[in-house]
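Everything below belongs to protein-v4.tsv, which stores TSV, C-alpha atoms.
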chain	number	residue	atom	x	y	z
R	1	MET	CA	171.03	22.84	125.47
R	2	SER	CA	174.18	23.65	127.43
R	3	LYS	CA	173.95	24.42	131.13
R	4	GLN	CA	175.62	27.36	132.78
R	5	ILE	CA	178.48	26.42	135.10
R	6	GLN	CA	177.40	27.08	138.68
R	7	ASP	CA	179.49	27.69	141.77
R	8	ALA	CA	180.33	24.93	144.24
R	9	TYR	CA	180.60	25.98	147.88
R	10	ILE	CA	182.35	24.46	150.87
R	11	VAL	CA	179.78	24.35	153.66
R	12	ALA	CA	181.53	22.33	156.35
R	13	THR	CA	184.68	20.32	156.95
R	14	THR	CA	186.01	18.11	159.68
R	15	ARG	CA	188.86	15.74	160.30
R	16	THR	CA	190.19	13.31	162.82
R	17	PRO	CA	193.35	14.11	164.67
R	18	VAL	CA	196.30	12.71	162.73
R	19	ALA	CA	197.94	9.84	164.58
R	20	LYS	CA	201.39	8.39	164.13
R	21	ARG	CA	201.65	5.06	162.37
R	22	ARG	CA	200.99	2.42	165.04
R	23	GLY	CA	200.05	5.26	167.36
R	24	ALA	CA	196.69	6.30	168.79
R	25	PHE	CA	194.74	4.74	165.90
R	26	ARG	CA	196.73	1.51	165.69
R	27	ASN	CA	193.59	-0.53	166.35
R	28	VAL	CA	191.19	1.74	164.44
R	29	ARG	CA	190.01	0.71	160.99
R	30	PRO	CA	190.20	3.22	158.12
R	31	ASP	CA	186.54	2.66	157.23
R	32	ASP	CA	185.60	3.51	160.83
R	33	MET	CA	187.66	6.72	160.65
R	34	LEU	CA	185.88	7.55	157.41
R	35	ALA	CA	182.46	6.85	158.90
R	36	HIS	CA	183.34	9.12	161.82
R	37	VAL	CA	184.15	12.15	159.69
R	38	ILE	CA	181.20	11.63	157.32
R	39	ARG	CA	178.81	11.40	160.26
R	40	SER	CA	180.38	14.47	161.81
R	41	VAL	CA	180.43	16.68	158.71
R	42	VAL	CA	176.74	16.18	157.87
R	43	ALA	CA	175.91	17.00	161.50
R	44	LYS	CA	177.31	20.48	160.78
R	45	ALA	CA	174.45	21.10	158.34
R	46	PRO	CA	171.32	20.94	160.51
R	47	GLY	CA	168.20	19.94	158.65
R	48	LEU	CA	170.07	18.49	155.67
R	49	ASP	CA	168.07	15.80	153.90
R	50	LEU	CA	170.68	13.06	153.69
R	51	HIS	CA	168.87	11.55	150.70
R	52	GLU	CA	169.91	14.65	148.75
R	53	ILE	CA	173.60	13.72	148.93
R	54	ARG	CA	174.25	12.71	145.33
R	55	ASP	CA	177.58	10.98	145.88
R	56	VAL	CA	180.42	10.47	148.36
R	57	ILE	CA	183.85	10.57	146.73
R	58	VAL	CA	186.70	9.31	148.89
R	59	GLY	CA	190.44	9.46	148.27
R	60	CYS	CA	192.61	6.58	149.40
R	61	ALA	CA	196.16	5.97	148.19
R	62	MET	CA	196.23	2.27	149.07
R	63	PRO	CA	192.68	0.97	148.59
R	64	GLU	CA	193.55	-2.57	149.64
R	65	ALA	CA	192.93	-4.91	152.57
R	66	GLU	CA	191.04	-2.99	155.30
R	67	GLN	CA	190.86	-0.05	152.88
R	68	GLY	CA	189.50	-2.14	150.02
R	69	MET	CA	185.99	-3.15	149.01
R	70	ASN	CA	185.24	0.43	147.84
R	71	VAL	CA	185.91	1.96	151.24
R	72	ALA	CA	183.81	4.99	150.28
R	73	ARG	CA	180.60	2.98	150.12
R	74	ILE	CA	181.45	1.00	153.25
R	75	GLY	CA	182.27	4.16	155.18
R	76	LEU	CA	179.13	6.05	154.24
R	77	LEU	CA	176.91	3.11	155.18
R	78	LEU	CA	178.71	2.71	158.50
R	79	ALA	CA	178.12	6.44	159.03
R	80	GLY	CA	174.39	5.88	158.76
R	81	LEU	CA	173.75	7.61	155.45
R	82	PRO	CA	170.75	6.28	153.52
R	83	ASP	CA	171.52	3.32	151.28
R	84	THR	CA	170.34	5.45	148.36
R	85	VAL	CA	173.61	7.43	148.64
R	86	PRO	CA	176.35	5.97	146.43
R	87	GLY	CA	180.08	6.15	147.03
R	88	ILE	CA	183.25	5.86	144.98
R	89	THR	CA	186.89	5.47	146.02
R	90	ILE	CA	189.50	7.26	143.93
R	91	ASN	CA	193.28	7.02	143.97
R	92	ARG	CA	195.82	9.57	142.83
R	93	PHE	CA	198.23	8.75	145.63
R	94	CYS	CA	199.00	11.77	147.82
R	95	SER	CA	196.51	14.09	146.13
R	96	SER	CA	193.58	11.67	146.44
R	97	GLY	CA	191.85	13.63	149.22
R	98	VAL	CA	191.87	17.01	147.49
R	99	ASN	CA	191.11	15.29	144.17
R	100	ALA	CA	187.97	13.90	145.81
R	101	VAL	CA	186.95	17.39	146.92
R	102	ALA	CA	187.56	18.73	143.40
R	103	ASP	CA	185.56	15.92	141.77
R	104	ALA	CA	182.68	16.57	144.16
R	105	ALA	CA	182.82	20.29	143.34
R	106	LYS	CA	182.81	19.60	139.61
R	107	ALA	CA	179.62	17.54	139.89
R	108	ILE	CA	177.95	20.57	141.44
R	109	GLN	CA	179.45	22.96	138.89
R	110	LEU	CA	178.00	20.87	136.06
R	111	GLY	CA	174.56	20.82	137.63
R	112	GLU	CA	174.66	17.09	138.28
R	113	ALA	CA	174.27	17.49	142.04
R	114	ASP	CA	173.30	19.97	144.72
R	115	VAL	CA	174.95	18.21	147.66
R	116	MET	CA	178.19	16.23	147.58
R	117	ILE	CA	180.82	14.94	149.99
R	118	GLY	CA	184.53	14.78	149.19
R	119	ALA	CA	186.66	12.92	151.70
R	120	GLY	CA	189.81	10.93	152.34
R	121	THR	CA	190.92	8.14	154.62
R	122	GLU	CA	194.20	6.32	155.10
R	123	SER	CA	195.66	4.03	157.73
R	124	MET	CA	199.35	3.55	157.13
R	125	THR	CA	199.29	1.26	160.16
R	126	VAL	CA	197.33	-1.40	158.28
R	127	MET	CA	199.68	-1.33	155.28
R	128	PRO	CA	202.74	-3.55	155.79
R	129	GLN	CA	204.86	-1.29	153.57
R	130	MET	CA	204.78	2.04	151.73
R	131	MET	CA	203.92	0.41	148.40
R	132	GLY	CA	200.76	-1.25	149.62
R	133	ASN	CA	199.50	-4.59	150.85
R	134	LYS	CA	200.99	-6.57	147.97
R	135	VAL	CA	203.57	-5.17	145.57
R	136	SER	CA	203.55	-6.55	142.04
R	137	MET	CA	205.42	-4.11	139.83
R	138	ASN	CA	205.55	-4.50	136.05
R	139	PRO	CA	208.89	-6.11	135.07
R	140	ALA	CA	209.19	-3.63	132.19
R	141	VAL	CA	209.94	-0.94	134.78
R	142	PHE	CA	213.34	-2.57	135.34
R	143	GLU	CA	214.07	-3.40	131.70
R	144	ARG	CA	214.28	0.14	130.32
R	145	ASP	CA	216.26	2.98	131.87
R	146	GLU	CA	213.55	5.54	131.12
R	147	ASN	CA	211.08	3.59	133.29
R	148	LEU	CA	213.38	2.82	136.21
R	149	ALA	CA	212.43	5.91	138.21
R	150	ILE	CA	208.89	4.52	138.55
R	151	ALA	CA	210.38	2.08	141.05
R	152	TYR	CA	212.29	4.70	143.04
R	153	GLY	CA	211.22	4.99	146.63
R	154	MET	CA	209.90	8.43	147.54
R	155	GLY	CA	212.96	9.09	149.68
R	156	LEU	CA	215.29	8.50	146.75
R	157	THR	CA	213.33	11.00	144.65
R	158	ALA	CA	213.77	13.51	147.47
R	159	GLU	CA	217.51	12.93	147.29
R	160	CYS	CA	217.35	13.61	143.55
R	161	VAL	CA	215.48	16.87	144.18
R	162	ALA	CA	217.92	17.93	146.89
R	163	THR	CA	220.83	17.39	144.50
R	164	GLN	CA	219.25	18.93	141.41
R	165	TYR	CA	217.81	21.95	143.22
R	166	LYS	CA	220.79	22.38	145.57
R	167	VAL	CA	218.88	22.09	148.84
R	168	SER	CA	221.37	21.58	151.64
R	169	ARG	CA	221.01	19.30	154.65
R	170	GLU	CA	221.16	22.34	156.92
R	171	ASP	CA	218.29	24.02	155.08
R	172	GLN	CA	216.23	20.84	155.20
R	173	ASP	CA	216.72	20.47	158.94
R	174	ALA	CA	215.92	24.13	159.57
R	175	PHE	CA	212.72	23.78	157.54
R	176	ALA	CA	211.77	20.64	159.50
R	177	LEU	CA	212.35	22.37	162.83
R	178	ALA	CA	210.19	25.30	161.74
R	179	SER	CA	207.40	22.89	160.80
R	180	HIS	CA	207.39	21.43	164.31
R	181	GLN	CA	207.62	24.84	165.97
R	182	LYS	CA	204.68	26.21	163.97
R	183	ALA	CA	202.56	23.12	164.62
R	184	VAL	CA	203.31	23.12	168.35
R	185	ALA	CA	202.39	26.81	168.56
R	186	ALA	CA	199.17	26.24	166.59
R	187	ILE	CA	198.12	23.41	168.91
R	188	ALA	CA	198.87	25.56	171.97
R	189	ALA	CA	196.76	28.38	170.49
R	190	GLY	CA	193.85	26.01	169.77
R	191	ALA	CA	194.06	26.68	166.03
R	192	PHE	CA	193.14	23.10	165.09
R	193	ARG	CA	190.36	22.69	167.64
R	194	ASP	CA	187.42	23.67	165.42
R	195	GLU	CA	188.48	21.51	162.48
R	196	ILE	CA	188.98	18.33	164.51
R	197	THR	CA	186.20	16.01	165.63
R	198	PRO	CA	187.73	13.99	168.49
R	199	TYR	CA	187.72	10.22	168.10
R	200	ALA	CA	186.86	7.86	170.95
R	201	VAL	CA	189.19	4.86	170.87
R	202	MET	CA	188.10	1.72	172.69
R	203	ASP	CA	190.94	-0.32	174.14
R	204	HIS	CA	190.32	-3.91	175.17
R	205	LEU	CA	192.72	-4.69	178.01
R	206	PRO	CA	193.18	-8.05	179.76
R	207	ASP	CA	192.63	-8.13	183.51
R	208	PHE	CA	194.60	-11.17	184.61
R	209	ALA	CA	193.43	-10.92	188.20
R	210	THR	CA	189.79	-11.43	187.21
R	211	SER	CA	190.33	-13.27	183.91
R	212	THR	CA	188.21	-10.69	182.13
R	213	VAL	CA	188.69	-8.13	179.40
R	214	ARG	CA	188.34	-4.54	180.50
R	215	VAL	CA	187.17	-1.95	177.96
R	216	ALA	CA	188.76	1.46	178.38
R	217	GLU	CA	187.77	4.50	176.34
R	218	ARG	CA	190.17	7.33	175.56
R	219	LEU	CA	189.42	10.44	173.54
R	220	VAL	CA	191.97	11.36	170.88
R	221	ASP	CA	191.64	15.07	170.12
R	222	THR	CA	195.15	16.29	169.21
R	223	ASP	CA	197.58	15.56	166.38
R	224	GLU	CA	200.30	13.21	167.60
R	225	GLY	CA	203.18	14.20	165.34
R	226	PRO	CA	204.46	17.63	166.47
R	227	ARG	CA	207.51	17.42	168.75
R	228	PRO	CA	208.04	20.34	171.15
R	229	GLU	CA	211.49	18.98	171.99
R	230	SER	CA	212.75	19.05	168.39
R	231	SER	CA	215.99	20.96	167.83
R	232	LEU	CA	218.57	21.53	165.13
R	233	GLU	CA	221.10	19.61	167.20
R	234	ALA	CA	218.84	16.57	167.41
R	235	LEU	CA	217.95	16.71	163.72
R	236	ALA	CA	221.60	17.01	162.74
R	237	LYS	CA	222.40	13.74	164.51
R	238	LEU	CA	220.00	11.73	162.35
R	239	ARG	CA	221.61	9.64	159.62
R	240	PRO	CA	220.42	9.69	155.98
R	241	VAL	CA	218.06	6.79	155.34
R	242	PHE	CA	217.76	6.68	151.55
R	243	ALA	CA	221.30	7.29	150.29
R	244	ALA	CA	224.59	6.62	152.09
R	245	LYS	CA	225.91	10.12	151.45
R	246	GLY	CA	222.50	11.76	151.19
R	247	SER	CA	220.78	14.49	153.15
R	248	VAL	CA	217.21	13.18	153.56
R	249	THR	CA	216.53	11.80	157.04
R	250	ALA	CA	213.57	10.65	159.06
R	251	GLY	CA	213.63	14.07	160.72
R	252	ASN	CA	213.22	16.13	157.54
R	253	SER	CA	210.67	13.81	155.93
R	254	SER	CA	206.91	13.56	156.44
R	255	GLN	CA	205.62	11.20	159.09
R	256	MET	CA	203.72	8.02	158.25
R	257	SER	CA	200.28	8.53	159.73
R	258	ASP	CA	196.63	7.54	160.12
R	259	GLY	CA	193.68	9.89	159.65
R	260	ALA	CA	190.56	10.91	157.75
R	261	ALA	CA	188.65	14.03	156.75
R	262	ALA	CA	185.40	14.98	155.01
R	263	VAL	CA	184.20	18.08	153.15
R	264	LEU	CA	180.54	18.94	152.55
R	265	LEU	CA	179.84	20.87	149.34
R	266	MET	CA	176.63	22.46	148.04
R	267	SER	CA	175.24	24.48	145.18
R	268	GLU	CA	173.81	27.96	145.73
R	269	ALA	CA	170.31	26.51	145.44
R	270	ALA	CA	171.01	24.05	148.25
R	271	LEU	CA	172.51	26.78	150.42
R	272	LYS	CA	169.32	28.80	150.10
R	273	ARG	CA	167.13	25.75	150.65
R	274	TYR	CA	168.84	24.91	153.92
R	275	ASN	CA	169.66	28.50	154.92
R	276	LEU	CA	173.37	27.75	155.27
R	277	THR	CA	176.35	30.09	155.04
R	278	PRO	CA	179.32	28.75	153.07
R	279	ILE	CA	182.97	29.06	154.08
R	280	ALA	CA	184.51	29.24	150.64
R	281	CYS	CA	183.93	28.71	146.95
R	282	TYR	CA	185.83	26.13	144.93
R	283	ARG	CA	187.78	27.92	142.18
R	284	GLY	CA	189.71	25.17	140.44
R	285	TYR	CA	191.98	22.16	140.50
R	286	ALA	CA	194.87	21.14	138.29
R	287	VAL	CA	197.19	18.17	137.99
R	288	ALA	CA	200.47	18.08	136.08
R	289	GLY	CA	203.13	15.50	135.32
R	290	VAL	CA	206.87	15.75	135.98
R	291	PRO	CA	209.76	13.25	135.70
R	292	PRO	CA	209.22	10.45	138.26
R	293	GLU	CA	212.76	10.78	139.63
R	294	VAL	CA	211.97	14.33	140.83
R	295	MET	CA	208.32	13.76	141.66
R	296	GLY	CA	208.57	16.25	144.54
R	297	ILE	CA	208.57	19.27	142.23
R	298	GLY	CA	205.08	18.46	140.93
R	299	PRO	CA	203.48	21.59	142.47
R	300	VAL	CA	205.85	23.74	140.39
R	301	GLU	CA	203.79	22.75	137.36
R	302	ALA	CA	200.35	22.37	138.98
R	303	ILE	CA	200.17	25.67	140.87
R	304	PRO	CA	200.64	27.98	137.84
R	305	ARG	CA	198.22	25.82	135.88
R	306	VAL	CA	195.32	26.19	138.30
R	307	LEU	CA	196.03	29.89	138.86
R	308	LYS	CA	195.89	30.48	135.10
R	309	GLN	CA	192.62	28.56	134.84
R	310	ALA	CA	191.06	30.70	137.57
R	311	GLY	CA	192.61	33.99	136.45
R	312	VAL	CA	194.22	34.53	139.86
R	313	ALA	CA	197.74	35.89	140.37
R	314	GLN	CA	200.14	33.91	142.55
R	315	ASP	CA	200.70	36.99	144.70
R	316	ALA	CA	196.98	36.90	145.56
R	317	LEU	CA	197.40	33.67	147.51
R	318	ASP	CA	197.00	34.36	151.22
R	319	TRP	CA	197.44	30.84	152.60
R	320	VAL	CA	199.12	27.83	150.97
R	321	GLU	CA	198.87	24.33	152.41
R	322	LEU	CA	201.88	22.74	150.70
R	323	ASN	CA	202.24	19.11	151.71
R	324	GLU	CA	205.70	18.59	153.14
R	325	ALA	CA	206.45	15.14	151.77
R	326	PHE	CA	210.10	16.05	152.31
R	327	ALA	CA	211.78	19.29	153.32
R	328	ALA	CA	213.91	19.04	150.17
R	329	GLN	CA	210.96	19.07	147.80
R	330	ALA	CA	208.98	21.66	149.75
R	331	LEU	CA	211.93	24.05	149.68
R	332	ALA	CA	212.52	23.36	145.98
R	333	VAL	CA	208.89	24.24	145.22
R	334	ILE	CA	208.89	27.39	147.37
R	335	ARG	CA	212.14	28.67	145.85
R	336	THR	CA	211.36	27.79	142.24
R	337	LEU	CA	207.95	29.47	142.26
R	338	GLY	CA	208.96	32.29	144.58
R	339	LEU	CA	206.19	31.51	147.08
R	340	ASP	CA	206.07	33.69	150.17
R	341	PRO	CA	207.40	31.40	152.97
R	342	ALA	CA	205.27	33.26	155.52
R	343	LYS	CA	202.12	32.16	153.68
R	344	VAL	CA	203.16	28.52	153.29
R	345	ASN	CA	202.00	26.18	156.06
R	346	PRO	CA	201.59	28.86	158.75
R	347	GLN	CA	200.59	26.12	161.22
R	348	GLY	CA	203.19	23.57	160.21
R	349	GLY	CA	203.07	20.81	157.63
R	350	ALA	CA	203.39	17.07	157.18
R	351	ILE	CA	206.89	16.87	158.66
R	352	ALA	CA	205.28	17.74	161.99
R	353	LEU	CA	201.60	17.01	161.47
R	354	GLY	CA	201.89	13.77	159.50
R	355	HIS	CA	200.91	12.58	156.05
R	356	PRO	CA	198.21	9.90	155.88
R	357	LEU	CA	198.64	9.72	152.09
R	358	GLY	CA	195.20	9.69	150.42
R	359	ALA	CA	193.56	11.55	153.32
R	360	THR	CA	196.05	14.42	153.44
R	361	GLY	CA	194.42	16.58	150.75
R	362	ALA	CA	191.06	16.51	152.54
R	363	ILE	CA	192.72	17.07	155.92
R	364	ARG	CA	194.62	20.11	154.69
R	365	THR	CA	191.43	21.42	153.07
R	366	ALA	CA	189.85	21.30	156.53
R	367	THR	CA	192.82	23.24	157.92
R	368	LEU	CA	192.52	25.87	155.19
R	369	MET	CA	188.76	26.27	155.70
R	370	SER	CA	189.26	26.66	159.45
R	371	ALA	CA	191.84	29.39	158.85
R	372	MET	CA	189.47	31.19	156.46
R	373	GLN	CA	186.71	31.10	159.06
R	374	ARG	CA	188.99	32.64	161.68
R	375	ASP	CA	190.56	35.35	159.53
R	376	PRO	CA	188.34	37.44	157.24
R	377	LYS	CA	191.44	38.91	155.58
R	378	LEU	CA	192.20	35.58	153.89
R	379	LYS	CA	190.73	35.58	150.40
R	380	TYR	CA	192.50	32.94	148.31
R	381	GLY	CA	193.82	29.69	149.70
R	382	MET	CA	195.44	26.66	148.11
R	383	VAL	CA	196.01	23.00	148.89
R	384	THR	CA	198.88	21.53	146.90
R	385	MET	CA	201.22	18.54	146.92
R	386	CYS	CA	203.58	16.36	144.96
R	387	ILE	CA	202.41	12.91	143.89
R	388	GLY	CA	204.22	9.60	143.53
R	389	THR	CA	205.43	8.53	140.06
R	390	GLY	CA	205.87	12.18	139.06
R	391	MET	CA	202.84	14.43	139.37
R	392	GLY	CA	201.69	17.51	141.21
R	393	ALA	CA	198.24	18.79	142.19
R	394	ALA	CA	196.80	22.09	143.35
R	395	GLY	CA	193.30	23.08	144.47
R	396	LEU	CA	192.23	26.72	144.72
R	397	PHE	CA	189.54	28.13	147.04
R	398	GLU	CA	188.13	31.62	147.60
R	399	ARG	CA	186.67	32.78	150.90
R	400	VAL	CA	183.07	34.01	150.70
Is it possible to express this structure as structure tokens?
Amino acid sequence: MSKQIQDAYIVATTRTPVAKRRGAFRNVRPDDMLAHVIRSVVAKAPGLDLHEIRDVIVGCAMPEAEQGMNVARIGLLLAGLPDTVPGITINRFCSSGVNAVADAAKAIQLGEADVMIGAGTESMTVMPQMMGNKVSMNPAVFERDENLAIAYGMGLTAECVATQYKVSREDQDAFALASHQKAVAAIAAGAFRDEITPYAVMDHLPDFATSTVRVAERLVDTDEGPRPESSLEALAKLRPVFAAKGSVTAGNSSQMSDGAAAVLLMSEAALKRYNLTPIACYRGYAVAGVPPEVMGIGPVEAIPRVLKQAGVAQDALDWVELNEAFAAQALAVIRTLGLDPAKVNPQGGAIALGHPLGATGAIRTATLMSAMQRDPKLKYGMVTMCIGTGMGAAGLFERV
């Protein structure tokens, strides 16, 4: 007998502040960041029987070294969840965090669970390079021209997008500046305050006078990336870093970052059982493939796909969290689809706020949910991004 598809609701979200690579979280492990957000998100559902959590699904783009050993299971146990709660780590590069939320929602939709957690964690500090702890690429990638783009660095793909979609250096820098300005304004207005659970960092400092180690605690409660001093003049002085005559610079690219986020989802039955009010309802998720050499345009294919699945018009989108891997690709996506720039990243994006790879999708889900809680006029929101090796993803949510 077939079961009726049921709705999956977002009940609570939280995230750490996003720190620069080798910044505030340079000595913080990714499994500890994950434990922090899991512990914090379940605390937002008073009375929740933790044994009822059916699974914890965690996105991580580089599940190696300190992020290995099925970081999902390690993180949930460190968070104090019962050992009856399982965990699984998934990897779809930059979309891993929102993919985890979607997978958790689908388990509820199918009637397999009443309570789920979707999350993401990533420390780019612990990874020695962008391609992971140890790179061992298939030699066939370099033997056939049609596979060569698999080996392209993300910056080189951004250069390809800038050329193919005619995105100028000036437009990229202007977009980057706007990202910083919006993020700085949002921080000043306290817009991120409710979605962030501050993280206490313990620094062990040598005291040479007494030959002891002094432990100092500092509370990290604000994203590190946004730069109030950013200007077009300063951005224009930066040299291209991926192609000698290119236009992609460190200033119009996303920042390498550390961070984590968690999303608590429930069925309608669980909501009633615990007398909880949801923030939004999950409406769909789609992934699409594009040529690896222009991986940044992935959302151009994924966004229409998920909107068609849900029967929602693009014009109905009120808030779009479009991950700014690079200004070139973000602008190419906005222009190709005709997205309303005013509705895209109203509080800034990854160029200012950072991009901790596999955690970003969950982090931006937390930002979207916070915005929906503040503004009752927001009905449909989306989290979308491009994905390495040529993919795009988009998750759709409806305020309730």
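Each of R:Asp173, R:Glu66, R:Asp207, R:Asp340 was compared to Ala234 in chain R using only C-alpha atoms, and R:Asp173 turns out to be the nearest.
Of the listed residues R:Val98, R:Ile88, R:Leu238, R:Met266, the one whose atoms come nearest to Ala12 in chain R is R:Met266, with distances taken using all atoms listed in the file.
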- Task: Would you kindly return, as a ChimeraX atom specification, each protein, DNA or RNA residue with an atom no farther than 10 Å from any atom of Pro356 in chain R, considering only C-alpha atoms and excluding same-chain residues fewer than 2 positions away?
- Result: /R:18-21,60-61,94,97,120-125,254-260,350,353-354,358-361,363
- Query: Using all atoms listed in the file, which of R:Ala325, R:Arg193, R:Ser267, R:Ala286 sits nearest Asn99 in chain R?
  - Reply: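 Distance minimum relative to Asn99 in chain R lands on R:Ala286.
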- CA of Pro226 in chain R and CA of Met382 in chain R are how many Å apart?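 Atom-to-atom, CA of Pro226 in chain R and CA of Met382 in chain R are spaced 22.4 Å apart.
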- Item | CA of Asn323 in chain R to CA of Leu232 in chain R, straight-line distance in Å |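 Here the two named atoms are 21.3 Å from each other.
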All file atoms of range 335-340 of chain R boxed axis-aligned, 6 Å per side, centre plus edges, as AutoDock Vina command-line options:
--center_x 209.1 --center_y 30.7 --center_z 146.2 --size_x 18.1 --size_y 17.9 --size_z 19.9
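Ranking R:Ala107, R:Leu378, R:Val37, R:Val220 by their shortest atom-to-atom distance to Ile279 in chain R, with all atoms listed in the file included, puts R:Leu378 first.
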- Which residue, R:Ala270, R:Ile387, R:Ala352, R:Leu396, has the smallest gap to Ile303 in chain R when you use all atoms listed in the file?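 Smallest distance to Ile303 in chain R is found for R:Leu396.
The closest residue to Ile297 in chain R, picked from R:Ala151, R:Pro198, R:Leu177, R:Gln164 and counting all atoms listed in the file, is R:Gln164.
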- Query: Could you work out how far CA of Gly87 in chain R lies from CA of Ala72 in chain R, giving the answer in Å with one decimal?
  - Reply: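 Computed distance, CA of Ala72 in chain R to CA of Gly87 in chain R, equals 5.1 Å.
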- Quick one: residues within 8 Å of Pro86 in chain R, all atoms listed in the file counted, chain neighbours fewer than 3 positions away excluded, as an MDAnalysis selection string? chainID R and resid 54:56 73 83
- Query: What's the 12 Å shell around Leu307 in chain R, counting all atoms listed in the file, without same-chain residues fewer than 5 positions away, as a ChimeraX atom specification?
  - Reply: /R:283-287,299-302,312-317,380-382,384,393-398
Expected file contents, prior selection, C-alpha atoms, as a JSON list (two decimals), in the frame of the given file:
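And here's part_36.json as it stands now:
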[["chain", "number", "residue", "atom", "x", "y", "z"],
["R", 283, "ARG", "CA", 187.78, 27.92, 142.18],
["R", 284, "GLY", "CA", 189.71, 25.17, 140.44],
["R", 285, "TYR", "CA", 191.98, 22.16, 140.50],
["R", 286, "ALA", "CA", 194.87, 21.14, 138.29],
["R", 287, "VAL", "CA", 197.19, 18.17, 137.99],
["R", 299, "PRO", "CA", 203.48, 21.59, 142.47],
["R", 300, "VAL", "CA", 205.85, 23.74, 140.39],
["R", 301, "GLU", "CA", 203.79, 22.75, 137.36],
["R", 302, "ALA", "CA", 200.35, 22.37, 138.98],
["R", 312, "VAL", "CA", 194.22, 34.53, 139.86],
["R", 313, "ALA", "CA", 197.74, 35.89, 140.37],
["R", 314, "GLN", "CA", 200.14, 33.91, 142.55],
["R", 315, "ASP", "CA", 200.70, 36.99, 144.70],
["R", 316, "ALA", "CA", 196.98, 36.90, 145.56],
["R", 317, "LEU", "CA", 197.40, 33.67, 147.51],
["R", 380, "TYR", "CA", 192.50, 32.94, 148.31],
["R", 381, "GLY", "CA", 193.82, 29.69, 149.70],
["R", 382, "MET", "CA", 195.44, 26.66, 148.11],
["R", 384, "THR", "CA", 198.88, 21.53, 146.90],
["R", 393, "ALA", "CA", 198.24, 18.79, 142.19],
["R", 394, "ALA", "CA", 196.80, 22.09, 143.35],
["R", 395, "GLY", "CA", 193.30, 23.08, 144.47],
["R", 396, "LEU", "CA", 192.23, 26.72, 144.72],
["R", 397, "PHE", "CA", 189.54, 28.13, 147.04],
["R", 398, "GLU", "CA", 188.13, 31.62, 147.60]]
Reconstruct N, CA and C atoms of range 324-335 of chain R; output as a PDB file, keeping the file's coordinate frame.
ATOM      1  N   GLU R 324     204.268  18.761 152.949  1.00  0.00           N
ATOM      2  CA  GLU R 324     205.700  18.590 153.140  1.00  0.00           C
ATOM      3  C   GLU R 324     206.052  17.099 153.080  1.00  0.00           C
ATOM      4  N   ALA R 325     206.029  16.539 151.889  1.00  0.00           N
ATOM      5  CA  ALA R 325     206.450  15.140 151.770  1.00  0.00           C
ATOM      6  C   ALA R 325     207.882  15.013 152.273  1.00  0.00           C
ATOM      7  N   PHE R 326     208.707  15.960 151.865  1.00  0.00           N
ATOM      8  CA  PHE R 326     210.100  16.050 152.310  1.00  0.00           C
ATOM      9  C   PHE R 326     210.468  17.530 152.345  1.00  0.00           C
ATOM     10  N   ALA R 327     211.331  17.898 153.274  1.00  0.00           N
ATOM     11  CA  ALA R 327     211.780  19.290 153.320  1.00  0.00           C
ATOM     12  C   ALA R 327     212.465  19.681 152.017  1.00  0.00           C
ATOM     13  N   ALA R 328     213.196  18.737 151.414  1.00  0.00           N
ATOM     14  CA  ALA R 328     213.910  19.040 150.170  1.00  0.00           C
ATOM     15  C   ALA R 328     212.971  19.470 149.067  1.00  0.00           C
ATOM     16  N   GLN R 329     211.881  18.726 148.893  1.00  0.00           N
ATOM     17  CA  GLN R 329     210.960  19.070 147.800  1.00  0.00           C
ATOM     18  C   GLN R 329     210.130  20.303 148.121  1.00  0.00           C
ATOM     19  N   ALA R 330     209.751  20.472 149.386  1.00  0.00           N
ATOM     20  CA  ALA R 330     208.980  21.660 149.750  1.00  0.00           C
ATOM     21  C   ALA R 330     209.797  22.922 149.508  1.00  0.00           C
ATOM     22  N   LEU R 331     211.056  22.888 149.906  1.00  0.00           N
ATOM     23  CA  LEU R 331     211.930  24.050 149.680  1.00  0.00           C
ATOM     24  C   LEU R 331     212.166  24.282 148.194  1.00  0.00           C
ATOM     25  N   ALA R 332     212.317  23.213 147.422  1.00  0.00           N
ATOM     26  CA  ALA R 332     212.520  23.360 145.980  1.00  0.00           C
ATOM     27  C   ALA R 332     211.311  24.023 145.331  1.00  0.00           C
ATOM     28  N   VAL R 333     210.114  23.647 145.763  1.00  0.00           N
ATOM     29  CA  VAL R 333     208.890  24.240 145.220  1.00  0.00           C
ATOM     30  C   VAL R 333     208.783  25.713 145.608  1.00  0.00           C
ATOM     31  N   ILE R 334     208.996  26.009 146.878  1.00  0.00           N
ATOM     32  CA  ILE R 334     208.890  27.390 147.370  1.00  0.00           C
ATOM     33  C   ILE R 334     209.876  28.296 146.637  1.00  0.00           C
ATOM     34  N   ARG R 335     211.114  27.840 146.482  1.00  0.00           N
ATOM     35  CA  ARG R 335     212.140  28.670 145.850  1.00  0.00           C
ATOM     36  C   ARG R 335     211.917  28.812 144.346  1.00  0.00           C
TER      37      ARG R 335
END
